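Student: Here's a structure for you.
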Amino acid sequence: MASYVSPEIREKFETLSTDLKNCILDRNVRLNNIHDLIRVLEEIVEEGEAG
């Protein structure tokens, strides 16, 4: 499954750094709204704190 970023949040997604966008896209997620984006960002932070 390829990641998907809804047009609704595409503008916000594009403000992220290239590395962070790639990290998100590598997770094969569907970002339909801002809540989906926040959830994935929280997961990345938690993994960073655990590692």
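Letters A, B, ... mark the chains of the structure tokens in the order given; residue numbers begin at 1 per chain; ligand numbers begin at 1, in order shown.
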Considering only C-alpha atoms, return as a ChimeraX atom specification whatever protein or nucleic-acid residues lie within 6 Å of region 18-25 of chain A, sequence-local ones (same chain, fewer than 2 positions apart) excluded.

Tutor: /A:3,27-28

Student: Take the residues from that selection and write them out as a PDB file, in the first residue's frame, keeping N, CA and C atoms.

Tutor:
ATOM      1  N   SER A   3       1.409   5.337   0.579  1.00  0.00           N
ATOM      2  CA  SER A   3       0.850   6.371   1.440  1.00  0.00           C
ATOM      3  C   SER A   3      -0.015   7.321   0.623  1.00  0.00           C
ATOM      4  N   ARG A  27       5.825   4.966   5.923  1.00  0.00           N
ATOM      5  CA  ARG A  27       4.979   4.190   6.831  1.00  0.00           C
ATOM      6  C   ARG A  27       3.720   3.645   6.151  1.00  0.00           C
ATOM      7  N   ASN A  28       3.519   3.977   4.897  1.00  0.00           N
ATOM      8  CA  ASN A  28       2.345   3.492   4.158  1.00  0.00           C
ATOM      9  C   ASN A  28       1.043   3.802   4.905  1.00  0.00           C
TER      10      ASN A  28
END

Student: Out of A:Gly51, A:Pro7, A:Lys12, A:Ala2, which residue has the shortest atom-to-atom distance to Ile38 (chain A) when counting only C-alpha atoms?

Tutor: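 With only C-alpha atoms as the atom set, the closest residue is A:Lys12.
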
Student: Taking the backbone alone, and naming residues the way the document does, which bits of chain A are strand (DSSP E or B) by DSSP, as a PDB file with N, CA, C and O atoms, in the first residue's frame?

Tutor:
ATOM      1  N   TYR A   4      -0.974   7.919   1.315  1.00  0.00           N
ATOM      2  CA  TYR A   4      -1.886   8.851   0.680  1.00  0.00           C
ATOM      3  C   TYR A   4      -2.009  10.094   1.550  1.00  0.00           C
ATOM      4  O   TYR A   4      -2.171   9.982   2.770  1.00  0.00           O
ATOM      5  N   VAL A   5      -1.921  11.259   0.938  1.00  0.00           N
ATOM      6  CA  VAL A   5      -2.123  12.525   1.640  1.00  0.00           C
ATOM      7  C   VAL A   5      -3.281  13.250   0.955  1.00  0.00           C
ATOM      8  O   VAL A   5      -3.199  13.594  -0.226  1.00  0.00           O
ATOM      9  N   ARG A  30      -2.540   6.427   5.431  1.00  0.00           N
ATOM     10  CA  ARG A  30      -3.530   7.292   4.774  1.00  0.00           C
ATOM     11  C   ARG A  30      -3.753   8.496   5.668  1.00  0.00           C
ATOM     12  O   ARG A  30      -4.209   8.338   6.793  1.00  0.00           O
ATOM     13  N   LEU A  31      -3.445   9.665   5.156  1.00  0.00           N
ATOM     14  CA  LEU A  31      -3.655  10.906   5.891  1.00  0.00           C
ATOM     15  C   LEU A  31      -4.843  11.619   5.271  1.00  0.00           C
ATOM     16  O   LEU A  31      -4.714  12.332   4.283  1.00  0.00           O
TER      17      LEU A  31
END

Student: Pick from A:Glu49, A:Glu42, A:Leu37, A:Asp26: nearest to Arg10 (chain A), with only C-alpha atoms counted?

Tutor: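 For Arg10 (chain A), the nearest of the given residues is A:Leu37.
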
Student: Interatomic distance between CA of Ile34 (chain A) and CA of Glu47 (chain A)?

Tutor: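 Atom-to-atom, CA of Ile34 (chain A) to CA of Glu47 (chain A), that is 20.1 Å.
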
Student: Find the distance between CA of Ser6 (chain A) and CA of Asn33 (chain A) and write it in Å to one decimal.

Tutor: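 According to the coordinates, CA of Ser6 (chain A) and CA of Asn33 (chain A) are separated by 6.9 Å.
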
Student: In Å, rounded to a single decimal, give me how far CA of Ser17 (chain A) is from CA of Ala50 (chain A).

Tutor: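 Separation between CA of Ala50 (chain A) and CA of Ser17 (chain A): 21.7 Å.
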